[in-house]
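Pasting run_35.txt here (compact mmCIF, C-alpha atoms):
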```txt
# COMPACT_ATOMS: atom_id res chain seq x y z
CA MET A 155 -21.65 -46.67 -33.45
CA LYS A 156 -20.61 -46.94 -29.82
CA LEU A 157 -17.06 -45.93 -30.76
CA GLN A 158 -18.36 -42.84 -32.59
CA ARG A 159 -20.31 -41.75 -29.49
CA MET A 160 -17.19 -42.19 -27.35
CA ASN A 161 -15.12 -40.09 -29.77
CA ARG A 162 -17.75 -37.33 -29.80
CA ARG A 163 -17.81 -37.31 -25.99
CA ALA A 164 -13.98 -37.09 -25.82
CA LEU A 165 -13.99 -34.14 -28.21
CA THR A 166 -16.65 -32.37 -26.13
CA LEU A 167 -14.72 -32.84 -22.90
CA GLY A 168 -11.54 -31.64 -24.57
CA ALA A 169 -13.30 -28.48 -25.78
CA LEU A 170 -14.60 -27.81 -22.29
CA ALA A 171 -11.13 -28.22 -20.83
CA VAL A 172 -9.66 -25.74 -23.31
CA SER A 173 -12.50 -23.31 -22.63
CA GLY A 174 -11.84 -23.55 -18.92
CA ALA A 175 -8.13 -22.96 -19.40
CA LEU A 176 -8.82 -19.81 -21.38
CA ALA A 177 -10.87 -18.38 -18.55
CA LEU A 178 -7.68 -17.31 -16.76
CA THR A 179 -9.08 -17.94 -13.32
CA ALA A 180 -7.84 -19.54 -10.15
CA CYS A 181 -9.48 -22.16 -8.00
CA GLY A 182 -9.50 -24.15 -4.81
CA SER A 183 -11.59 -22.50 -2.12
CA ASP A 184 -11.52 -25.82 -0.28
CA ASP A 185 -7.72 -26.13 -0.51
CA THR A 186 -6.22 -27.23 2.79
CA GLY A 187 -2.62 -26.29 2.10
CA SER A 188 -1.21 -29.10 0.03
CA SER A 189 1.91 -28.22 -1.88
CA GLY A 190 1.89 -27.56 -5.60
CA ASP A 191 3.04 -25.25 -8.36
CA SER A 192 3.23 -21.75 -6.89
CA SER A 193 4.00 -19.97 -10.15
CA SER A 194 1.70 -17.23 -11.34
CA SER A 195 1.10 -19.09 -14.57
CA ALA A 196 -0.53 -21.95 -12.69
CA SER A 197 -3.62 -19.87 -11.97
CA ALA A 198 -3.93 -18.91 -15.62
CA THR A 199 -4.74 -22.45 -16.69
CA THR A 200 -7.32 -23.37 -14.06
CA ALA A 201 -10.92 -23.86 -15.02
CA ALA A 202 -13.31 -21.09 -14.05
CA GLY A 203 -15.77 -23.63 -12.69
CA SER A 204 -13.34 -24.70 -9.97
CA ILE A 205 -13.81 -21.43 -8.06
CA LYS A 206 -16.63 -22.07 -5.63
CA CYS A 207 -19.17 -19.26 -5.93
CA ASP A 208 -21.63 -20.90 -3.53
CA ASP A 209 -24.54 -18.45 -3.09
CA ALA A 210 -22.47 -15.35 -3.85
CA LYS A 211 -24.40 -12.64 -5.62
CA GLY A 212 -24.91 -8.90 -5.69
CA GLN A 213 -22.34 -6.21 -4.94
CA LEU A 214 -19.57 -6.29 -2.34
CA LEU A 215 -18.16 -2.95 -1.25
CA ALA A 216 -14.69 -2.95 0.26
CA ASP A 217 -12.00 -0.38 0.98
CA GLY A 218 -8.63 -0.02 2.60
CA SER A 219 -4.97 -0.74 1.96
CA SER A 220 -3.61 0.67 -1.28
CA ALA A 221 -0.64 -1.67 -0.78
CA GLN A 222 -2.73 -4.67 -1.81
CA LYS A 223 -4.74 -2.89 -4.52
CA ASN A 224 -2.89 -4.53 -7.42
CA ALA A 225 -3.33 -7.95 -5.82
CA ILE A 226 -7.03 -7.35 -5.14
CA ASP A 227 -7.55 -6.22 -8.73
CA ALA A 228 -6.03 -9.45 -10.05
CA TRP A 229 -8.07 -11.56 -7.63
CA VAL A 230 -11.30 -9.72 -8.43
CA LYS A 231 -10.77 -10.23 -12.15
CA ASN A 232 -10.39 -13.98 -11.73
CA PHE A 233 -13.19 -14.34 -9.21
CA THR A 234 -15.81 -12.32 -11.06
CA GLN A 235 -15.06 -14.11 -14.31
CA ALA A 236 -16.06 -17.32 -12.56
CA CYS A 237 -18.82 -15.85 -10.40
CA ASN A 238 -20.50 -13.43 -12.75
CA GLY A 239 -23.36 -12.78 -10.34
CA VAL A 240 -21.02 -10.88 -8.02
CA GLN A 241 -19.53 -7.41 -8.34
CA ILE A 242 -16.65 -6.41 -6.04
CA ASN A 243 -15.75 -2.76 -5.67
CA TYR A 244 -12.50 -2.28 -3.74
CA LYS A 245 -11.53 1.38 -3.50
CA GLY A 246 -8.03 1.13 -2.02
CA SER A 247 -8.30 4.47 -0.22
CA GLY A 248 -5.73 3.51 2.43
CA SER A 249 -5.72 1.40 5.58
CA GLY A 250 -7.08 4.17 7.82
CA ALA A 251 -10.00 4.85 5.51
CA GLY A 252 -10.74 1.15 5.19
CA ILE A 253 -10.90 0.54 8.93
CA THR A 254 -13.14 3.57 9.39
CA ALA A 255 -15.47 2.34 6.66
CA PHE A 256 -15.55 -1.12 8.26
CA THR A 257 -16.31 0.08 11.79
CA GLN A 258 -19.07 2.29 10.38
CA GLY A 259 -20.66 -0.66 8.60
CA GLN A 260 -20.10 0.76 5.11
CA VAL A 261 -18.15 -2.20 3.66
CA ALA A 262 -18.31 -5.99 3.74
CA PHE A 263 -14.60 -6.23 4.48
CA ALA A 264 -11.59 -3.95 4.68
CA GLY A 265 -7.89 -4.23 3.92
CA SER A 266 -5.29 -2.93 6.35
CA ASP A 267 -1.52 -3.16 6.56
CA SER A 268 -1.80 -2.89 10.34
CA ALA A 269 -3.81 -5.07 12.68
CA LEU A 270 -6.86 -3.63 14.40
CA LYS A 271 -6.16 -1.62 17.53
CA PRO A 272 -8.15 -2.42 20.71
CA GLU A 273 -10.38 0.61 20.27
CA GLU A 274 -11.07 -0.40 16.66
CA VAL A 275 -12.03 -3.90 17.77
CA THR A 276 -14.43 -2.33 20.26
CA ALA A 277 -15.94 -0.13 17.55
CA SER A 278 -16.35 -3.15 15.26
CA LYS A 279 -18.66 -4.83 17.76
CA GLN A 280 -21.31 -2.26 16.84
CA VAL A 281 -21.50 -3.63 13.28
CA CYS A 282 -20.59 -7.29 13.92
CA SER A 283 -23.73 -8.52 15.67
CA GLY A 284 -22.58 -10.90 18.41
CA GLY A 285 -18.99 -10.84 17.11
CA GLN A 286 -16.11 -8.51 16.31
CA GLY A 287 -13.66 -7.60 13.60
CA ILE A 288 -10.72 -9.94 13.11
CA ASP A 289 -7.45 -9.74 11.16
CA LEU A 290 -6.77 -12.33 8.44
CA PRO A 291 -3.22 -12.08 7.00
CA MET A 292 -3.70 -12.60 3.29
CA VAL A 293 -0.86 -11.02 1.33
CA ALA A 294 2.69 -10.00 2.14
CA GLY A 295 5.00 -7.70 0.30
CA PRO A 296 8.28 -5.89 0.60
CA ILE A 297 8.18 -2.16 1.16
CA ALA A 298 10.72 -1.01 -1.37
CA VAL A 299 12.80 2.10 -0.83
CA ALA A 300 12.87 3.47 -4.36
CA PHE A 301 15.20 6.19 -5.60
CA ASN A 302 15.78 8.33 -8.65
CA VAL A 303 19.31 9.72 -8.82
CA SER A 304 20.85 10.37 -12.23
CA GLY A 305 23.97 8.31 -12.79
CA VAL A 306 23.34 6.00 -9.84
CA ASP A 307 22.07 2.55 -10.81
CA GLY A 308 22.58 0.70 -7.54
CA LEU A 309 22.39 1.82 -3.93
CA THR A 310 22.86 0.15 -0.56
CA LEU A 311 21.58 1.74 2.65
CA ASP A 312 21.22 0.59 6.23
CA ALA A 313 18.49 1.42 8.75
CA SER A 314 20.41 4.25 10.39
CA THR A 315 21.09 6.01 7.09
CA ILE A 316 17.50 5.57 5.90
CA ALA A 317 16.22 7.03 9.18
CA LYS A 318 18.48 10.06 8.88
CA ILE A 319 17.46 10.64 5.25
CA PHE A 320 13.72 10.58 6.02
CA ASP A 321 14.21 12.70 9.14
CA GLY A 322 16.08 15.39 7.22
CA LYS A 323 19.41 14.75 8.97
CA ILE A 324 21.14 13.64 5.75
CA THR A 325 20.33 16.09 2.97
CA LYS A 326 22.82 15.43 0.14
CA TRP A 327 23.40 12.30 -1.90
CA ASN A 328 27.18 12.56 -1.51
CA ASP A 329 26.94 12.52 2.30
CA ALA A 330 29.76 10.59 3.97
CA ALA A 331 27.38 7.99 5.43
CA ILE A 332 26.01 7.13 1.99
CA LYS A 333 29.51 7.11 0.48
CA LYS A 334 30.71 4.65 3.09
CA LEU A 335 27.97 2.18 2.12
CA ASN A 336 28.49 2.74 -1.60
CA PRO A 337 32.25 3.21 -2.17
CA ASN A 338 32.06 2.52 -5.91
CA ALA A 339 29.05 4.70 -6.72
CA LYS A 340 29.37 8.15 -8.31
CA LEU A 341 27.19 10.02 -5.83
CA PRO A 342 26.30 13.57 -6.93
CA ASP A 343 26.27 16.75 -4.86
CA LEU A 344 22.49 16.77 -5.15
CA LYS A 345 19.75 17.57 -2.66
CA ILE A 346 17.76 14.62 -1.37
CA GLN A 347 13.99 14.87 -1.86
CA ALA A 348 12.35 12.36 0.50
CA PHE A 349 8.75 11.45 -0.31
CA HIS A 350 6.30 10.09 2.27
CA ARG A 351 2.57 9.36 2.41
CA SER A 352 0.18 12.24 3.04
CA ASP A 353 -2.69 9.93 4.01
CA GLU A 354 -2.88 7.58 6.97
CA SER A 355 -1.29 4.39 5.80
CA GLY A 356 -0.33 0.96 7.01
CA THR A 357 2.66 1.25 4.69
CA THR A 358 3.87 4.19 6.75
CA ASP A 359 3.14 2.25 9.93
CA ASN A 360 5.24 -0.72 8.84
CA PHE A 361 8.03 1.40 7.37
CA THR A 362 8.39 3.36 10.61
CA LYS A 363 8.14 0.18 12.70
CA TYR A 364 11.23 -0.96 10.83
CA LEU A 365 13.02 2.32 11.59
CA ILE A 366 11.99 2.22 15.26
CA ALA A 367 13.21 -1.37 15.64
CA ALA A 368 16.36 -1.25 13.50
CA ALA A 369 17.52 2.34 14.09
CA PRO A 370 16.21 3.32 17.55
CA ASN A 371 18.93 5.92 18.08
CA ASP A 372 18.12 7.70 14.83
CA TRP A 373 14.32 7.48 14.67
CA LYS A 374 12.74 8.95 17.78
CA TYR A 375 9.12 9.01 16.65
CA SER A 376 6.40 6.79 18.11
CA GLY A 377 5.17 5.52 14.73
CA GLY A 378 1.69 4.85 13.44
CA LYS A 379 -0.27 5.27 10.25
CA ALA A 380 0.30 9.05 10.08
CA TRP A 381 3.72 10.38 9.05
CA GLN A 382 5.35 12.17 11.99
CA ALA A 383 8.72 13.48 10.82
CA LYS A 384 8.95 17.06 9.61
CA GLY A 385 9.99 18.10 6.13
CA GLY A 386 10.06 16.03 2.99
CA GLN A 387 7.46 15.79 0.23
CA ALA A 388 4.00 14.32 0.84
CA ALA A 389 1.95 12.40 -1.72
CA GLN A 390 -1.37 10.55 -1.68
CA GLY A 391 -1.20 6.77 -1.76
CA SER A 392 1.61 4.50 -2.83
CA SER A 393 0.96 5.45 -6.45
CA GLY A 394 1.41 9.12 -5.58
CA VAL A 395 4.72 8.49 -3.81
CA ALA A 396 5.95 6.41 -6.75
CA GLN A 397 4.97 9.10 -9.22
CA GLY A 398 6.70 11.80 -7.15
CA VAL A 399 9.94 9.82 -7.00
CA LYS A 400 9.80 9.04 -10.70
CA GLN A 401 9.37 12.70 -11.66
CA THR A 402 12.06 14.11 -9.33
CA ASN A 403 15.82 13.74 -9.75
CA GLY A 404 17.28 13.23 -6.30
CA ALA A 405 14.12 11.67 -4.90
CA ILE A 406 13.66 8.71 -2.58
CA GLY A 407 10.46 7.22 -1.19
CA TYR A 408 8.92 4.11 0.32
CA MET A 409 6.25 2.07 -1.44
CA GLU A 410 5.23 -1.52 -2.09
CA LEU A 411 7.44 -3.28 -4.61
CA SER A 412 4.56 -3.56 -7.07
CA TYR A 413 4.61 0.24 -7.41
CA ALA A 414 8.40 0.51 -7.83
CA LYS A 415 8.42 0.11 -11.59
CA ASP A 416 8.78 2.11 -14.78
CA GLY A 417 12.25 3.50 -14.33
CA LEU A 418 12.49 3.38 -10.54
CA LYS A 419 15.36 1.58 -8.85
CA THR A 420 15.24 0.09 -5.37
CA VAL A 421 17.66 0.20 -2.47
CA ASP A 422 19.41 -2.93 -1.20
CA ILE A 423 19.20 -3.09 2.59
CA ALA A 424 22.29 -3.81 4.69
CA THR A 425 20.89 -5.84 7.58
CA GLY A 426 23.99 -7.52 8.97
CA ALA A 427 23.38 -10.58 6.79
CA SER A 428 26.19 -11.91 4.62
CA ALA A 429 25.10 -9.60 1.80
CA PRO A 430 22.71 -6.65 1.38
CA VAL A 431 19.17 -7.84 0.71
CA LYS A 432 17.18 -6.82 -2.35
CA ALA A 433 13.45 -6.10 -2.17
CA SER A 434 11.80 -9.25 -3.50
CA SER A 435 8.77 -11.49 -3.01
CA ASP A 436 10.96 -14.35 -1.83
CA GLY A 437 12.69 -12.08 0.67
CA ALA A 438 9.34 -10.98 2.07
CA THR A 439 8.08 -14.54 2.44
CA LYS A 440 11.28 -15.47 4.31
CA ALA A 441 10.71 -12.56 6.69
CA VAL A 442 7.05 -13.42 7.31
CA ALA A 443 7.86 -17.09 7.88
CA ALA A 444 9.54 -16.06 11.15
CA ALA A 445 6.51 -14.03 12.30
CA GLN A 446 4.54 -14.96 15.41
CA VAL A 447 0.75 -15.13 15.58
CA VAL A 448 -0.14 -12.80 18.45
CA GLY A 449 -3.90 -12.53 17.88
CA THR A 450 -6.32 -14.35 20.14
CA GLY A 451 -9.36 -16.43 19.23
CA SER A 452 -10.11 -16.11 15.52
CA ASP A 453 -7.79 -13.12 15.14
CA LEU A 454 -4.56 -13.96 13.31
CA SER A 455 -2.58 -10.75 13.64
CA LEU A 456 1.20 -11.24 13.37
CA LYS A 457 4.33 -9.85 14.98
CA LEU A 458 7.16 -9.38 12.48
CA ASP A 459 10.90 -9.27 13.20
CA TYR A 460 12.10 -6.02 11.60
CA THR A 461 15.66 -6.59 12.83
CA THR A 462 16.20 -9.94 11.13
CA LYS A 463 19.73 -10.70 9.97
CA ALA A 464 18.79 -13.92 8.20
CA ASP A 465 20.34 -14.24 4.76
CA GLY A 466 17.83 -13.32 2.07
CA ALA A 467 15.15 -12.09 4.49
CA TYR A 468 13.99 -8.61 3.49
CA PRO A 469 13.31 -6.68 6.72
CA ILE A 470 10.96 -3.93 5.52
CA THR A 471 8.00 -6.19 4.88
CA LEU A 472 4.34 -5.64 5.52
CA VAL A 473 1.44 -8.00 5.85
CA THR A 474 -1.95 -6.88 4.62
CA TYR A 475 -4.93 -8.18 6.57
CA GLU A 476 -8.45 -8.62 5.34
CA ILE A 477 -10.66 -7.39 8.17
CA VAL A 478 -14.03 -9.04 8.53
CA CYS A 479 -16.54 -9.90 11.24
CA ASP A 480 -15.98 -13.32 12.79
CA LYS A 481 -19.71 -13.42 13.55
CA GLY A 482 -22.58 -11.15 12.64
CA ASN A 483 -21.73 -10.49 9.02
CA LYS A 484 -24.64 -9.10 7.01
CA SER A 485 -26.65 -11.90 5.45
CA ALA A 486 -26.71 -10.14 2.08
CA THR A 487 -22.93 -10.02 1.79
CA LEU A 488 -21.75 -13.04 3.80
CA PRO A 489 -21.91 -15.61 0.95
CA GLY A 490 -19.96 -13.36 -1.42
CA THR A 491 -17.43 -12.37 1.23
CA LYS A 492 -16.73 -15.97 2.22
CA ALA A 493 -16.50 -17.15 -1.37
CA PHE A 494 -14.06 -14.38 -2.30
CA LEU A 495 -11.91 -14.84 0.81
CA ASN A 496 -11.93 -18.61 0.25
CA TYR A 497 -10.55 -18.04 -3.23
CA ILE A 498 -7.82 -15.55 -2.33
CA ALA A 499 -6.65 -17.74 0.56
CA SER A 500 -6.57 -20.85 -1.63
CA GLN A 501 -3.34 -22.21 -3.05
CA GLU A 502 -4.35 -20.98 -6.49
CA GLY A 503 -5.28 -17.52 -5.23
CA GLN A 504 -1.97 -17.23 -3.40
CA SER A 505 -0.03 -18.55 -6.37
CA ILE A 506 -0.56 -15.43 -8.48
CA LEU A 507 1.11 -13.13 -5.95
CA SER A 508 4.78 -13.68 -6.75
CA GLY A 509 4.18 -12.88 -10.39
CA ILE A 510 2.84 -9.42 -9.51
CA ASP A 511 5.54 -8.45 -6.97
CA TYR A 512 3.73 -9.60 -3.84
CA ALA A 513 4.56 -12.52 -1.57
CA PRO A 514 2.29 -15.46 -0.72
CA MET A 515 1.72 -16.17 2.94
CA PRO A 516 3.74 -19.07 4.38
CA ASP A 517 1.84 -22.38 4.50
CA ALA A 518 1.66 -22.50 8.30
CA ILE A 519 -0.13 -19.14 8.39
CA ILE A 520 -2.41 -19.38 5.36
CA SER A 521 -3.74 -22.77 6.49
CA LYS A 522 -5.03 -21.09 9.65
CA VAL A 523 -6.60 -18.34 7.55
CA ARG A 524 -8.49 -20.93 5.46
CA SER A 525 -9.91 -22.56 8.56
CA THR A 526 -11.01 -19.21 9.96
CA VAL A 527 -12.68 -18.12 6.71
CA ALA A 528 -14.67 -21.37 6.70
CA SER A 529 -16.03 -20.52 10.16
CA LEU A 530 -17.24 -17.00 9.37
CA SER A 531 -20.94 -16.47 10.06
```

Would it be possible to restate this file's structure as C-alpha cells?
Amino acid sequence: MKLQRMNRRALTLGALAVSGALALTACGSDDTGSSGDSSSSASATTAAGSIKCDDAKGQLLADGSSAQKNAIDAWVKNFTQACNGVQINYKGSGSGAGITAFTQGQVAFAGSDSALKPEEVTASKQVCSGGQGIDLPMVAGPIAVAFNVSGVDGLTLDASTIAKIFDGKITKWNDAAIKKLNPNAKLPDLKIQAFHRSDESGTTDNFTKYLIAAAPNDWKYSGGKAWQAKGGQAAQGSSGVAQGVKQTNGAIGYMELSYAKDGLKTVDIATGASAPVKASSDGATKAVAAAQVVGTGSDLSLKLDYTTKADGAYPITLVTYEIVCDKGNKSATLPGTKAFLNYIASQEGQSILSGIDYAPMPDAIISKVRSTVASLS
C-alpha cells in the first residue's frame, strides 16, 4: 500500500514537471549571475512557477525604444503566462517618446537606446518622489546596416564609406570607394537610396555616434536622436526603415539586427580587425564587454567604444536601457515593475536574447543591474 502511494506521488510530480515545461516561461528573478546554459531553448523548458510574481498585479504601461520591442514582446509573453494577474502594455514608440512619457509620469518604466540627459534626469525628479530616473542596461544588439541591391549578395563597407553614403556624398553603388572594398562584387550603376529614421530614435543616436567616432572627417554632424543629414528617405521606426529597404532596389538603411530579415542582407564592417565583422549577437556582446560604467549612484549608463578593432567585436552596437525611478515609484506599479525587471535581468530572461537576434548583457554588467533592481522603492 505504501509503495502504491509513493508511485502515485511520483506520477503526480512528473505530470507537474511536464506541465511546467510546457509553459514556455523563464525564471530566476533572484539569480545572482551564476553561469549556465545561455541558449534560447533553456528558457523554454523552465517551470512557470519559478518566475517570482511577488505582489505584481494590474496593468503596467510602458513605452520607448522600438529597438528592444521584439525582446520585450518575448519577455512579456513569458512573464504574463506565469503572472496572469499582470498586464504589460509596451508601445515601442521610440526612445524619445518613451523618455517624454516617463518624465511626464505616464508610464511605469521606459526603454531608451540612449542614457538620460542631465535635463531629463532633472525632469524625472518631478515624478520620482524623493528620487530620480536611472538607466539600467538590459539588452544589447547590433545595429545592422541592411541593403537591397539586385545581384549583390555580400557587401563590406568601412565607417568612412558608410558616412559618405548616408550624407549623400556617395550616390551610386559602383562608386570607386565601394569597389575598392568589394573587388569581387558585381556592383551596378544604380542610385543609392539611403533610409533613415523619421522619428527621434536612440538607434539613430548610436548609429551616428559610431560615424562621429569612426569617421570624424566624413561625418560632421553633432549627433543625437534626430537625424541631421540632408537627403535620403525617412521612415517611422526600425520596422519602417526595414520595410523601405526591402521594397526598394538600391536601398540601404540602419536597423537592429532583429529587423534585418525576410530577404534583407547585412553589411560586414571593416574595422581594422583581421577580418570584416558581421552583425551578430556575439559580436555585440564582445563590444559591450569593453564598455565602461559612467553612471553615478544607482545609474548604470555605459560608454561604448565605437572604434574597437578587436577581432569579432561588432562596432555599431547599442545598449537599450530600462528607465525607472530609483526611489518614489508609484505604489500601484512598483511590485509589477520590480518583478518584471527582476525576470528580464535574470539569467533565464537574458538567455532568450541570442535566439531572437539580440545580445545578452555581459555578466559583470547584468549582475549590477540585478542588485539595483532589488533596491528599487

Check the smallest atom-to-atom distance from each of A:Phe233, A:Ala255, A:Thr450, A:Asn328 to Cys207 of chain A using only C-alpha atoms, then report the winner.
A:Phe233

Figure out the distance between atom CA of Tyr512 of chain A and atom CA of Tyr460 of chain A, please, to one decimal in Å.
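Computing it gives 17.9 Å between the two atoms.
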
Residue list as a compact mmCIF listing (two decimals) with C-alpha atoms, in the coordinates of the input for point (9.0, -1.9, 1.1), cut-off 7 Å, only C-alpha atoms:
```txt
# COMPACT_ATOMS: atom_id res chain seq x y z
CA PRO A 296 8.28 -5.89 0.60
CA ILE A 297 8.18 -2.16 1.16
CA ALA A 298 10.72 -1.01 -1.37
CA VAL A 299 12.80 2.10 -0.83
CA TYR A 408 8.92 4.11 0.32
CA MET A 409 6.25 2.07 -1.44
CA GLU A 410 5.23 -1.52 -2.09
CA LEU A 411 7.44 -3.28 -4.61
CA ALA A 433 13.45 -6.10 -2.17
CA ILE A 470 10.96 -3.93 5.52
CA THR A 471 8.00 -6.19 4.88
```

Report as a list in words all protein, DNA and RNA residues lying within 6 Å of Leu290 of chain A, evaluated on all atoms listed in the file, omitting residues in the same chain fewer than 4 positions from it.
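Near Leu290 of chain A, the qualifying residues are Leu454, Tyr475 and Glu476 of chain A.
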
If you count only C-alpha atoms, which residues fall within 12 Å of Pro342 of chain A, apart from same-chain ones fewer than 4 positions away, as a short mmCIF file (atom, residue, chain, number, x, y, z; two decimals) with C-alpha atoms, keeping the file's coordinate frame?
```cif
data_model
loop_
_atom_site.label_atom_id
_atom_site.label_comp_id
_atom_site.auth_asym_id
_atom_site.auth_seq_id
_atom_site.Cartn_x
_atom_site.Cartn_y
_atom_site.Cartn_z
CA ASN A 302 15.78 8.33 -8.65
CA VAL A 303 19.31 9.72 -8.82
CA SER A 304 20.85 10.37 -12.23
CA GLY A 305 23.97 8.31 -12.79
CA VAL A 306 23.34 6.00 -9.84
CA THR A 325 20.33 16.09 2.97
CA LYS A 326 22.82 15.43 0.14
CA TRP A 327 23.40 12.30 -1.90
CA ASN A 328 27.18 12.56 -1.51
CA ASP A 329 26.94 12.52 2.30
CA ALA A 330 29.76 10.59 3.97
CA ILE A 332 26.01 7.13 1.99
CA LYS A 333 29.51 7.11 0.48
CA ILE A 346 17.76 14.62 -1.37
CA ASN A 403 15.82 13.74 -9.75
CA GLY A 404 17.28 13.23 -6.30
#
```

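You will find atom CA of Gln347 of chain A at 23.2 Å from atom CA of Gly248 of chain A.
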
Mind pulling up the distance from atom CA of Ala396 of chain A to atom CA of Val442 of chain A?
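Here the two named atoms are 24.3 Å from each other.
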
Between A:Ser428, A:Ser412, A:Met515, A:Leu488, which has the minimum distance to Ala444 of chain A (counting all atoms listed in the file)?
A:Met515

Which residues are near Asp353 of chain A? Cut-off 8 Å, only C-alpha atoms, ignore same chain within fewer than 5 positions. Put them as a list in words.
Gly248, Ala380, Ala389, Gln390 and Gly391 of chain A

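Remark: for Asp436 of chain A, the closest of the candidate residues A:Gly322, A:Pro291, A:Pro516, A:Gly386 is A:Pro516 (distances computed over only C-alpha atoms).
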
Please, which residues are within 9 Å of (11.8, 10.3, 0.0) by the file's coordinates, counting all atoms listed in the file, and could they come as a list of chain:residue names?
A:Val299, A:Ala300, A:Phe301, A:Ile319, A:Phe320, A:Ile346, A:Gln347, A:Ala348, A:Phe349, A:His350, A:Gly386, A:Gln387, A:Ala388, A:Val395, A:Gly398, A:Val399, A:Gly404, A:Ala405, A:Ile406, A:Gly407, A:Tyr408

Which residue of A:Val261, A:Ala513, A:Ala269, A:Val275 approaches Gly287 of chain A most closely, using all atoms listed in the file:
A:Val275

Pick from A:Tyr364, A:Tyr375, A:Tyr413, A:Trp229 nearest to Asp459 of chain A, counting all atoms listed in the file
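Nearest to Asp459 of chain A: A:Tyr364.
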
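Between Ile316 of chain A and the residues A:Leu472, A:Lys481, A:Asp422, A:Gln241, the shortest atom-to-atom distance, using all atoms listed in the file, involves A:Asp422.
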
Which residues come within 7 Å of Tyr468 of chain A, counting all atoms listed in the file, excluding same-chain residues fewer than 5 positions away, as a PyMOL selection string?
chain A and resi 296+431-433+437-438+441

Excluding same-chain residues fewer than 3 positions from Ala313 of chain A, what lies within 7 Å of it counting all atoms listed in the file, as JSON, numbers by chain?
{"A": [316, 317, 365, 368, 369]}

Could you save the residues just selected, with C-alpha atoms, as an mmCIF file, in the coordinates of the input?
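After the write, result_4.cif holds the following:
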```
data_model
loop_
_atom_site.group_PDB
_atom_site.id
_atom_site.type_symbol
_atom_site.label_atom_id
_atom_site.label_comp_id
_atom_site.auth_asym_id
_atom_site.auth_seq_id
_atom_site.Cartn_x
_atom_site.Cartn_y
_atom_site.Cartn_z
ATOM 1 C CA ILE A 316 17.500 5.570 5.900
ATOM 2 C CA ALA A 317 16.220 7.030 9.180
ATOM 3 C CA LEU A 365 13.020 2.320 11.590
ATOM 4 C CA ALA A 368 16.360 -1.250 13.500
ATOM 5 C CA ALA A 369 17.520 2.340 14.090
#
```

Return as lines of an AutoDock Vina configuration file the centre and edge lengths, in Å with one decimal, of the box along x, y and z that encloses every atom of segment 463-466 of chain A in the file, padded by 5 Å per side.
```
center_x = 19.1
center_y = -12.5
center_z = 6.0
size_x = 12.5
size_y = 13.5
size_z = 17.9
```
